[in-house]
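Undergrad: One structure, as structure tokens, below. Some questions next.
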Amino acid sequence: MQFEHLPHPAPVAAADREALIADPGFGKVFTDHMAMVDYDTGEGWHSATIGPCAPIPLHPASSVLHYAQEIFEGLKAYRLSDGSMALFRPDANARRFNASARRLAMPELPEDVFIDACKQVVLKDADWFPPIEGGSLYIRPFMFANEHFLGVRPATKYKFLVILSPAGNYFKSGAPAVSVWVSEYTRAAPGGTGEAKCGGNYAASLVPTGEAFEKGHDQVVFLDAAEHKWIEELGGMNLFFVFDDGSMITPPLGGTILPGITRDSLMTLAREQGLDVREERYSLDQWREDAGSGKLVETFACGTAAVVTAVGKVAGRDGEFSIGTGGPGQMTSKLREQLVGIQRGTVEDKHGWVVRL
Ligand SMILES: *Cc1c(COP(=O)(O)O)cnc(C)c1O
């Protein structure tokens, strides 16, 4: 599929752009261009463009506004030490996007179109790359249903888009460990949409996350829906538990957990070093007990946006407990350095994860 490059009538002036990317934060600044591809039943995917990042007119009956057929992905373009740019495992994002599409009764997008859209828009807006330590271009591919129809069934029209947001480094090494709140709400139930990356899951997590903030914590921990006992995820990140013998546990996938690409990459890196990494259920009670006895030495969360974040304090209805020293532990720091090193080209990429642009 060929992307048609549309002219931009008024790109942001260079001086304004430089001011915006000097300290972009996360998710606030957007670049000049976006990729867009349309889908209709019958015609399939068509009209691929790289054009101005601009509002999209939507009919008020557009089905996404009513029944939330929407999925998304999140990945980053990194600057390698030699100055070139690269994506990290975009094929894994393309595959997961299609898994989400199947669960939400949406059409799959050819993986090469997904990857090409990401690459082309990044190359087009390369001068938006933040010139700061640890900066990146956050890439947000997404798809939504936009048929004008209020009946409840899968829509016949969709749009796929890719937008870019320059991002700062909010995972500076030595960042303090986060404090987390164990929620009474659940994020995902067996048979639900927990393993799909869909906007609806996030809408449902806003109240529990707000509750965690109100109580003075940084993030929310979700337990399983059936027994309210087993630890599942931390907000939009996967969790790992590190023990005093060097072994690690992460909750097993199985429908209610989002299959994180960072999770998968860290498991691979840890196993390569001979560490015993188990995908195994781990309960809140066991977490508290092991943190108390010293058997559990570290807990960290991982995801594309913040890479690896240490968990220092856990609070819930039954009181609170601390983990290790309350700051990032050795394993957390080591794994973060290795992964960031591969992403930036300073550590050898043995798996072909880094895709140069
Ligand atoms: C995206 C996401 C993750 C992390 O996935 P990565 O591929 O590592 O970025 C974890 N949990 C949820 C709920 C997510 O949406």
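Within each chain, counting starts at residue 1; across the structure tokens, chains are named A, B, ... in the order shown, with ligands numbered 1 upward in that order.
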Extract, using only C-alpha atoms, all DNA, RNA and protein residues at most 8 Å from range 270-277 of chain A, discarding same-chain residues fewer than 6 positions from it, and format them as a PyMOL selection string.

TA: chain A and resi 246-250+335

Undergrad: Hey, can you spit out that residue selection with N, CA, C and O atoms as a PDB file, in the first residue's frame?

TA:
```
ATOM      1  N   GLY A 246      17.049 -14.390  43.675  1.00  0.00           N
ATOM      2  CA  GLY A 246      17.233 -13.908  42.300  1.00  0.00           C
ATOM      3  C   GLY A 246      16.137 -14.347  41.344  1.00  0.00           C
ATOM      4  O   GLY A 246      16.116 -13.936  40.192  1.00  0.00           O
ATOM      5  N   SER A 247      15.193 -15.193  41.802  1.00  0.00           N
ATOM      6  CA  SER A 247      14.112 -15.614  40.900  1.00  0.00           C
ATOM      7  C   SER A 247      13.051 -14.524  40.803  1.00  0.00           C
ATOM      8  O   SER A 247      12.993 -13.618  41.647  1.00  0.00           O
ATOM      9  N   MET A 248      12.241 -14.592  39.750  1.00  0.00           N
ATOM     10  CA  MET A 248      11.207 -13.576  39.536  1.00  0.00           C
ATOM     11  C   MET A 248       9.891 -14.240  39.145  1.00  0.00           C
ATOM     12  O   MET A 248       9.883 -15.287  38.506  1.00  0.00           O
ATOM     13  N   ILE A 249       8.813 -13.564  39.524  1.00  0.00           N
ATOM     14  CA  ILE A 249       7.471 -14.000  39.127  1.00  0.00           C
ATOM     15  C   ILE A 249       6.780 -12.838  38.426  1.00  0.00           C
ATOM     16  O   ILE A 249       6.928 -11.683  38.839  1.00  0.00           O
ATOM     17  N   THR A 250       6.056 -13.149  37.348  1.00  0.00           N
ATOM     18  CA  THR A 250       5.138 -12.170  36.776  1.00  0.00           C
ATOM     19  C   THR A 250       3.809 -12.890  36.548  1.00  0.00           C
ATOM     20  O   THR A 250       3.798 -14.080  36.205  1.00  0.00           O
ATOM     21  N   LEU A 335      17.895  -4.369  34.912  1.00  0.00           N
ATOM     22  CA  LEU A 335      17.059  -4.688  33.755  1.00  0.00           C
ATOM     23  C   LEU A 335      16.694  -3.425  32.978  1.00  0.00           C
ATOM     24  O   LEU A 335      16.662  -3.425  31.753  1.00  0.00           O
TER      25      LEU A 335
END
```

Undergrad: As a list in words, please: every protein or nucleic acid residue near ligand 1 (cut-off 7 Å, counting only C-alpha atoms and all ligand atoms).

TA: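 Checking only C-alpha atoms and all ligand atoms against ligand 1 at 7 Å gives Glu73, Gly74, Leu75, Lys197, Glu233, Gly235, Gly236, Met237, Asn238, Leu258, Pro259, Gly260, Ile261, Thr262, Arg263, Cys302, Gly303, Thr304 and Ala305 of chain A.
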
Undergrad: With the cut-off set at 8 Å and counting only C-alpha atoms, tabulate each residue of range 2-96 of chain A with an atom at most that distance from an atom of range 144-157 of chain A, showing the nearest atom pair and its distance in Å to one decimal, ordered by chain and increasing number, as a tab-separated table.

TA:
```
residue	atom	partner	partner_atom	distance
A:Asp38	CA	A:Lys157	CA	7.6
A:Tyr39	CA	A:Lys157	CA	5.5
A:Asp40	CA	A:Lys157	CA	4.6
A:Thr41	CA	A:Thr156	CA	5.3
A:Leu58	CA	A:Asn146	CA	7.4
A:His59	CA	A:His148	CA	6.5
A:Pro60	CA	A:His148	CA	7.7
A:Ala61	CA	A:His148	CA	4.8
A:Ser62	CA	A:Asn146	CA	4.6
A:Ser63	CA	A:Asn146	CA	5.3
A:Val64	CA	A:Ala145	CA	5.0
A:His66	CA	A:Leu150	CA	7.6
A:Tyr67	CA	A:Val152	CA	7.7
A:Ala68	CA	A:Ala145	CA	7.9
A:Gln69	CA	A:Ala145	CA	5.6
A:Glu70	CA	A:Phe144	CA	4.4
A:Ile71	CA	A:Phe144	CA	6.7
```

Undergrad: Any chance you can output those residues with all heavy atoms as a compact mmCIF listing (two decimals), in the first residue's frame?

TA:
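Result file follows (result_30.txt):
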```
# COMPACT_ATOMS: atom_id res chain seq x y z
N ASP A 38 -8.21 4.45 5.50
CA ASP A 38 -9.65 4.19 5.66
C ASP A 38 -9.99 2.75 5.32
O ASP A 38 -9.32 2.11 4.51
CB ASP A 38 -10.46 5.12 4.74
CG ASP A 38 -10.44 6.55 5.24
OD1 ASP A 38 -10.44 6.74 6.47
OD2 ASP A 38 -10.41 7.47 4.41
N TYR A 39 -11.06 2.28 5.96
CA TYR A 39 -11.54 0.93 5.69
C TYR A 39 -13.05 0.95 5.45
O TYR A 39 -13.80 1.62 6.18
CB TYR A 39 -11.26 0.01 6.89
CG TYR A 39 -11.76 -1.40 6.72
CD1 TYR A 39 -10.94 -2.39 6.21
CD2 TYR A 39 -13.08 -1.73 7.07
CE1 TYR A 39 -11.40 -3.69 6.03
CE2 TYR A 39 -13.55 -3.03 6.89
CZ TYR A 39 -12.71 -4.00 6.37
OH TYR A 39 -13.16 -5.28 6.20
N ASP A 40 -13.48 0.26 4.43
CA ASP A 40 -14.91 -0.01 4.22
C ASP A 40 -15.05 -1.49 3.91
O ASP A 40 -14.21 -2.05 3.21
CB ASP A 40 -15.44 0.73 2.97
CG ASP A 40 -15.34 2.22 3.12
OD1 ASP A 40 -16.29 2.79 3.67
OD2 ASP A 40 -14.32 2.79 2.70
N THR A 41 -16.12 -2.09 4.43
CA THR A 41 -16.40 -3.48 4.06
C THR A 41 -16.59 -3.48 2.54
O THR A 41 -17.26 -2.62 2.00
CB THR A 41 -17.71 -3.96 4.73
OG1 THR A 41 -17.58 -3.68 6.12
CG2 THR A 41 -17.94 -5.44 4.54
N LEU A 58 -16.47 14.21 12.40
CA LEU A 58 -17.18 12.98 12.72
C LEU A 58 -18.68 13.25 12.72
O LEU A 58 -19.13 14.23 13.31
CB LEU A 58 -16.82 12.49 14.13
CG LEU A 58 -15.50 11.80 14.37
CD1 LEU A 58 -15.42 11.33 15.82
CD2 LEU A 58 -15.32 10.63 13.43
N HIS A 59 -19.44 12.38 12.11
CA HIS A 59 -20.90 12.47 12.19
C HIS A 59 -21.30 12.13 13.64
O HIS A 59 -20.68 11.26 14.26
CB HIS A 59 -21.50 11.45 11.22
CG HIS A 59 -22.97 11.63 11.04
ND1 HIS A 59 -23.88 11.16 11.96
CD2 HIS A 59 -23.69 12.21 10.05
CE1 HIS A 59 -25.10 11.44 11.54
NE2 HIS A 59 -25.01 12.09 10.39
N PRO A 60 -22.32 12.80 14.18
CA PRO A 60 -22.71 12.50 15.57
C PRO A 60 -23.15 11.05 15.78
O PRO A 60 -23.14 10.56 16.92
CB PRO A 60 -23.89 13.45 15.84
CG PRO A 60 -23.84 14.47 14.76
CD PRO A 60 -23.08 13.92 13.61
N ALA A 61 -23.52 10.36 14.73
CA ALA A 61 -23.91 8.94 14.87
C ALA A 61 -22.72 8.01 14.66
O ALA A 61 -22.89 6.78 14.64
CB ALA A 61 -25.03 8.61 13.89
N SER A 62 -21.53 8.57 14.49
CA SER A 62 -20.34 7.74 14.28
C SER A 62 -20.27 6.68 15.39
O SER A 62 -20.33 7.00 16.58
CB SER A 62 -19.11 8.63 14.30
OG SER A 62 -17.95 7.88 14.06
N SER A 63 -20.15 5.42 15.01
CA SER A 63 -20.38 4.34 15.99
C SER A 63 -19.40 4.34 17.17
O SER A 63 -19.77 3.92 18.26
CB SER A 63 -20.43 2.99 15.31
OG SER A 63 -19.48 2.92 14.29
N VAL A 64 -18.17 4.84 16.97
CA VAL A 64 -17.23 4.85 18.09
C VAL A 64 -17.77 5.70 19.25
O VAL A 64 -17.51 5.41 20.42
CB VAL A 64 -15.84 5.37 17.65
CG1 VAL A 64 -15.87 6.84 17.25
CG2 VAL A 64 -14.82 5.15 18.76
N HIS A 66 -20.67 5.86 20.35
CA HIS A 66 -21.79 5.22 21.06
C HIS A 66 -21.39 3.88 21.66
O HIS A 66 -21.71 3.60 22.82
CB HIS A 66 -22.97 5.07 20.09
CG HIS A 66 -23.38 6.41 19.56
ND1 HIS A 66 -24.27 7.23 20.21
CD2 HIS A 66 -22.92 7.11 18.49
CE1 HIS A 66 -24.37 8.37 19.55
NE2 HIS A 66 -23.56 8.33 18.50
N TYR A 67 -20.66 3.05 20.88
CA TYR A 67 -20.40 1.70 21.35
C TYR A 67 -18.90 1.40 21.51
O TYR A 67 -18.53 0.25 21.71
CB TYR A 67 -21.08 0.69 20.42
CG TYR A 67 -22.56 1.01 20.22
CD1 TYR A 67 -23.10 1.15 18.96
CD2 TYR A 67 -23.39 1.23 21.33
CE1 TYR A 67 -24.44 1.47 18.78
CE2 TYR A 67 -24.72 1.57 21.16
CZ TYR A 67 -25.25 1.69 19.90
OH TYR A 67 -26.56 2.02 19.72
N ALA A 68 -18.07 2.45 21.37
CA ALA A 68 -16.66 2.36 21.78
C ALA A 68 -15.83 1.29 21.07
O ALA A 68 -14.99 0.66 21.68
CB ALA A 68 -16.57 2.18 23.30
N GLN A 69 -16.08 1.12 19.77
CA GLN A 69 -15.17 0.24 19.01
C GLN A 69 -13.92 1.05 18.74
O GLN A 69 -13.85 1.82 17.77
CB GLN A 69 -15.82 -0.19 17.70
CG GLN A 69 -16.45 -1.58 17.72
CD GLN A 69 -16.81 -1.99 16.31
OE1 GLN A 69 -17.57 -1.29 15.64
NE2 GLN A 69 -16.29 -3.12 15.87
N GLU A 70 -12.94 0.91 19.61
CA GLU A 70 -11.68 1.66 19.48
C GLU A 70 -10.56 0.86 20.09
O GLU A 70 -10.70 0.31 21.18
CB GLU A 70 -11.78 3.01 20.19
CG GLU A 70 -10.64 3.97 19.89
CD GLU A 70 -9.44 3.88 20.83
OE1 GLU A 70 -9.50 3.16 21.85
OE2 GLU A 70 -8.41 4.51 20.53
N ILE A 71 -9.43 0.79 19.40
CA ILE A 71 -8.22 0.12 19.93
C ILE A 71 -7.02 1.01 19.65
O ILE A 71 -7.08 1.89 18.78
CB ILE A 71 -8.00 -1.26 19.28
CG1 ILE A 71 -7.88 -1.15 17.76
CG2 ILE A 71 -9.13 -2.22 19.67
CD1 ILE A 71 -7.44 -2.45 17.09
```

Undergrad: Pick out the residues sitting within 10 Å of Arg79 in chain A, and hand them over as a PDB file with N, CA, C and O atoms, in the first residue's frame; count only C-alpha atoms, and ignore anything fewer than 3 positions along from it in its own chain.

TA:
```pdb
ATOM      1  N   LYS A  76       7.646   3.642  20.697  1.00  0.00           N
ATOM      2  CA  LYS A  76       8.469   4.854  20.632  1.00  0.00           C
ATOM      3  C   LYS A  76       9.500   4.757  19.524  1.00  0.00           C
ATOM      4  O   LYS A  76      10.003   3.666  19.237  1.00  0.00           O
ATOM      5  N   ASP A  82      24.419   6.573  17.425  1.00  0.00           N
ATOM      6  CA  ASP A  82      25.049   7.109  16.209  1.00  0.00           C
ATOM      7  C   ASP A  82      24.205   8.205  15.543  1.00  0.00           C
ATOM      8  O   ASP A  82      24.516   8.664  14.444  1.00  0.00           O
ATOM      9  N   GLY A  83      23.119   8.612  16.208  1.00  0.00           N
ATOM     10  CA  GLY A  83      22.313   9.722  15.687  1.00  0.00           C
ATOM     11  C   GLY A  83      21.126   9.296  14.845  1.00  0.00           C
ATOM     12  O   GLY A  83      20.223  10.090  14.591  1.00  0.00           O
ATOM     13  N   SER A  84      21.108   8.027  14.389  1.00  0.00           N
ATOM     14  CA  SER A  84      19.969   7.574  13.582  1.00  0.00           C
ATOM     15  C   SER A  84      18.785   7.245  14.494  1.00  0.00           C
ATOM     16  O   SER A  84      18.923   7.227  15.713  1.00  0.00           O
ATOM     17  N   MET A  85      17.621   6.992  13.883  1.00  0.00           N
ATOM     18  CA  MET A  85      16.426   6.688  14.687  1.00  0.00           C
ATOM     19  C   MET A  85      16.027   5.232  14.477  1.00  0.00           C
ATOM     20  O   MET A  85      16.301   4.640  13.432  1.00  0.00           O
ATOM     21  N   ALA A  86      15.350   4.670  15.467  1.00  0.00           N
ATOM     22  CA  ALA A  86      14.913   3.274  15.373  1.00  0.00           C
ATOM     23  C   ALA A  86      13.621   3.074  16.144  1.00  0.00           C
ATOM     24  O   ALA A  86      13.307   3.831  17.075  1.00  0.00           O
ATOM     25  N   LEU A  87      12.860   2.059  15.730  1.00  0.00           N
ATOM     26  CA  LEU A  87      11.683   1.612  16.483  1.00  0.00           C
ATOM     27  C   LEU A  87      12.085   0.345  17.230  1.00  0.00           C
ATOM     28  O   LEU A  87      13.029  -0.345  16.848  1.00  0.00           O
ATOM     29  N   PHE A 129      11.997  15.411  16.934  1.00  0.00           N
ATOM     30  CA  PHE A 129      12.601  14.547  17.960  1.00  0.00           C
ATOM     31  C   PHE A 129      13.185  15.425  19.065  1.00  0.00           C
ATOM     32  O   PHE A 129      13.991  16.305  18.795  1.00  0.00           O
ATOM     33  N   PRO A 130      12.781  15.232  20.326  1.00  0.00           N
ATOM     34  CA  PRO A 130      13.263  16.137  21.378  1.00  0.00           C
ATOM     35  C   PRO A 130      14.776  15.972  21.600  1.00  0.00           C
ATOM     36  O   PRO A 130      15.242  14.847  21.804  1.00  0.00           O
ATOM     37  N   PRO A 131      15.521  17.070  21.557  1.00  0.00           N
ATOM     38  CA  PRO A 131      16.979  16.992  21.655  1.00  0.00           C
ATOM     39  C   PRO A 131      17.433  16.911  23.102  1.00  0.00           C
ATOM     40  O   PRO A 131      18.328  17.636  23.529  1.00  0.00           O
ATOM     41  N   GLU A 133      18.212  14.443  26.755  1.00  0.00           N
ATOM     42  CA  GLU A 133      18.634  13.140  27.280  1.00  0.00           C
ATOM     43  C   GLU A 133      17.402  12.261  27.549  1.00  0.00           C
ATOM     44  O   GLU A 133      16.497  12.671  28.276  1.00  0.00           O
ATOM     45  N   GLY A 134      17.367  11.092  26.948  1.00  0.00           N
ATOM     46  CA  GLY A 134      16.248  10.183  27.190  1.00  0.00           C
ATOM     47  C   GLY A 134      14.968  10.536  26.445  1.00  0.00           C
ATOM     48  O   GLY A 134      13.937   9.921  26.665  1.00  0.00           O
ATOM     49  N   GLY A 135      15.025  11.525  25.560  1.00  0.00           N
ATOM     50  CA  GLY A 135      13.821  11.915  24.806  1.00  0.00           C
ATOM     51  C   GLY A 135      13.466  10.864  23.750  1.00  0.00           C
ATOM     52  O   GLY A 135      14.296  10.045  23.363  1.00  0.00           O
ATOM     53  N   SER A 136      12.220  10.892  23.307  1.00  0.00           N
ATOM     54  CA  SER A 136      11.777   9.967  22.261  1.00  0.00           C
ATOM     55  C   SER A 136      10.580  10.572  21.545  1.00  0.00           C
ATOM     56  O   SER A 136      10.019  11.579  22.001  1.00  0.00           O
ATOM     57  N   LEU A 137      10.208   9.953  20.426  1.00  0.00           N
ATOM     58  CA  LEU A 137       8.930  10.314  19.790  1.00  0.00           C
ATOM     59  C   LEU A 137       7.966   9.192  20.136  1.00  0.00           C
ATOM     60  O   LEU A 137       8.162   8.046  19.701  1.00  0.00           O
ATOM     61  N   GLN A 343      17.598  -0.360  23.365  1.00  0.00           N
ATOM     62  CA  GLN A 343      16.760   0.601  22.632  1.00  0.00           C
ATOM     63  C   GLN A 343      17.584   1.765  22.078  1.00  0.00           C
ATOM     64  O   GLN A 343      17.236   2.328  21.049  1.00  0.00           O
ATOM     65  N   ARG A 344      18.655   2.136  22.770  1.00  0.00           N
ATOM     66  CA  ARG A 344      19.481   3.278  22.323  1.00  0.00           C
ATOM     67  C   ARG A 344      20.715   2.833  21.559  1.00  0.00           C
ATOM     68  O   ARG A 344      21.566   3.661  21.225  1.00  0.00           O
ATOM     69  N   GLY A 345      20.876   1.519  21.372  1.00  0.00           N
ATOM     70  CA  GLY A 345      21.999   1.047  20.560  1.00  0.00           C
ATOM     71  C   GLY A 345      23.328   0.971  21.285  1.00  0.00           C
ATOM     72  O   GLY A 345      24.361   0.823  20.643  1.00  0.00           O
ATOM     73  N   ARG A 356      15.897  -0.059  12.472  1.00  0.00           N
ATOM     74  CA  ARG A 356      16.409   1.265  12.100  1.00  0.00           C
ATOM     75  C   ARG A 356      15.542   1.913  11.027  1.00  0.00           C
ATOM     76  O   ARG A 356      15.025   1.232  10.157  1.00  0.00           O
TER      77      ARG A 356
END
```

Undergrad: Mind checking DSSP for range 252-316 of chain A and telling me the alpha helix (DSSP H) residues as a list of chain:residue names?

TA: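 Matching residues, listed in order: A:Ile261, A:Thr262, A:Arg263, A:Asp264, A:Ser265, A:Leu266, A:Met267, A:Thr268, A:Leu269, A:Ala270, A:Arg271, A:Glu272, A:Leu284, A:Asp285, A:Gln286, A:Trp287, A:Arg288, A:Glu289, A:Asp290, A:Ala291, A:Gly292, A:Ser293.
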
Undergrad: Please dump the current selection as a compact mmCIF listing (two decimals), in the first residue's frame; keep N, CA, C and O atoms.

TA:
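Output saved as selection33.txt:
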```txt
# COMPACT_ATOMS: atom_id res chain seq x y z
N ILE A 261 4.79 -5.78 25.72
CA ILE A 261 6.00 -6.07 24.94
C ILE A 261 7.23 -5.83 25.82
O ILE A 261 8.22 -6.53 25.72
N THR A 262 7.14 -4.87 26.73
CA THR A 262 8.22 -4.66 27.69
C THR A 262 8.32 -5.89 28.61
O THR A 262 9.42 -6.38 28.89
N ARG A 263 7.18 -6.39 29.07
CA ARG A 263 7.13 -7.61 29.90
C ARG A 263 7.84 -8.75 29.20
O ARG A 263 8.70 -9.41 29.77
N ASP A 264 7.48 -8.98 27.94
CA ASP A 264 8.07 -10.08 27.17
C ASP A 264 9.58 -9.87 26.98
O ASP A 264 10.36 -10.81 27.12
N SER A 265 9.98 -8.63 26.70
CA SER A 265 11.41 -8.34 26.47
C SER A 265 12.21 -8.56 27.75
O SER A 265 13.31 -9.13 27.71
N LEU A 266 11.67 -8.13 28.89
CA LEU A 266 12.39 -8.28 30.15
C LEU A 266 12.49 -9.75 30.56
O LEU A 266 13.51 -10.19 31.08
N MET A 267 11.43 -10.52 30.30
CA MET A 267 11.49 -11.97 30.61
C MET A 267 12.59 -12.62 29.79
O MET A 267 13.36 -13.44 30.30
N THR A 268 12.67 -12.24 28.51
CA THR A 268 13.70 -12.80 27.63
C THR A 268 15.09 -12.44 28.13
O THR A 268 15.96 -13.30 28.23
N LEU A 269 15.30 -11.16 28.46
CA LEU A 269 16.62 -10.71 28.93
C LEU A 269 17.00 -11.41 30.24
O LEU A 269 18.14 -11.85 30.41
N ALA A 270 16.05 -11.53 31.15
CA ALA A 270 16.35 -12.13 32.45
C ALA A 270 16.67 -13.61 32.29
O ALA A 270 17.62 -14.12 32.89
N ARG A 271 15.90 -14.31 31.46
CA ARG A 271 16.13 -15.76 31.26
C ARG A 271 17.48 -16.00 30.60
O ARG A 271 18.17 -16.98 30.93
N GLU A 272 17.87 -15.11 29.69
CA GLU A 272 19.18 -15.23 29.03
C GLU A 272 20.33 -15.18 30.02
O GLU A 272 21.39 -15.74 29.78
N LEU A 284 -2.04 -11.15 46.80
CA LEU A 284 -1.77 -9.96 47.63
C LEU A 284 -1.27 -10.38 49.02
O LEU A 284 -0.32 -9.80 49.56
N ASP A 285 -1.88 -11.43 49.59
CA ASP A 285 -1.47 -11.89 50.92
C ASP A 285 -0.01 -12.36 50.91
O ASP A 285 0.76 -12.07 51.83
N GLN A 286 0.35 -13.09 49.87
CA GLN A 286 1.72 -13.60 49.76
C GLN A 286 2.71 -12.44 49.57
O GLN A 286 3.81 -12.46 50.12
N TRP A 287 2.28 -11.46 48.81
CA TRP A 287 3.12 -10.28 48.55
C TRP A 287 3.45 -9.60 49.89
O TRP A 287 4.60 -9.31 50.19
N ARG A 288 2.42 -9.41 50.70
CA ARG A 288 2.59 -8.75 51.99
C ARG A 288 3.51 -9.59 52.89
O ARG A 288 4.44 -9.07 53.51
N GLU A 289 3.23 -10.91 52.92
CA GLU A 289 4.01 -11.80 53.78
C GLU A 289 5.49 -11.83 53.35
O GLU A 289 6.39 -11.72 54.17
N ASP A 290 5.72 -11.96 52.03
CA ASP A 290 7.10 -12.06 51.53
C ASP A 290 7.85 -10.74 51.68
O ASP A 290 9.06 -10.74 51.89
N ALA A 291 7.13 -9.62 51.57
CA ALA A 291 7.78 -8.32 51.77
C ALA A 291 8.18 -8.20 53.24
O ALA A 291 9.25 -7.69 53.56
N GLY A 292 7.33 -8.71 54.14
CA GLY A 292 7.61 -8.65 55.57
C GLY A 292 8.78 -9.53 55.97
O GLY A 292 9.63 -9.14 56.77
N SER A 293 8.85 -10.75 55.40
CA SER A 293 9.91 -11.69 55.78
C SER A 293 11.23 -11.38 55.11
O SER A 293 12.26 -11.93 55.48
```

Undergrad: Kindly give the distance, in Å, that separates CA of Pro251 in chain A and CA of Trp230 in chain A, rounded to a single decimal.

TA: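 So the two atoms, CA of Pro251 in chain A and CA of Trp230 in chain A, lie 8.4 Å apart.
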
Undergrad: Rounded to one decimal place, report the CA of Ala203 in chain A-CA of Leu223 in chain A distance in Å.

TA: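 About the pair CA of Ala203 in chain A and CA of Leu223 in chain A: they are 17.5 Å apart.
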
Undergrad: Report the residues of range 64-276 of chain A whose backbone DSSP state falls under strand (DSSP E or B), written as an MDAnalysis selection string.

TA: chainID A and resid 70:72 75:79 85:88 136:145 148 157:167 178:182 198 219:223 230:234 237:243 248:250

Undergrad: Using only C-alpha atoms, can you tell me which of A:Gly192, A:Gly312, A:Pro107, A:Pro208 comes closest to Glu298 in chain A?

TA: A:Gly312
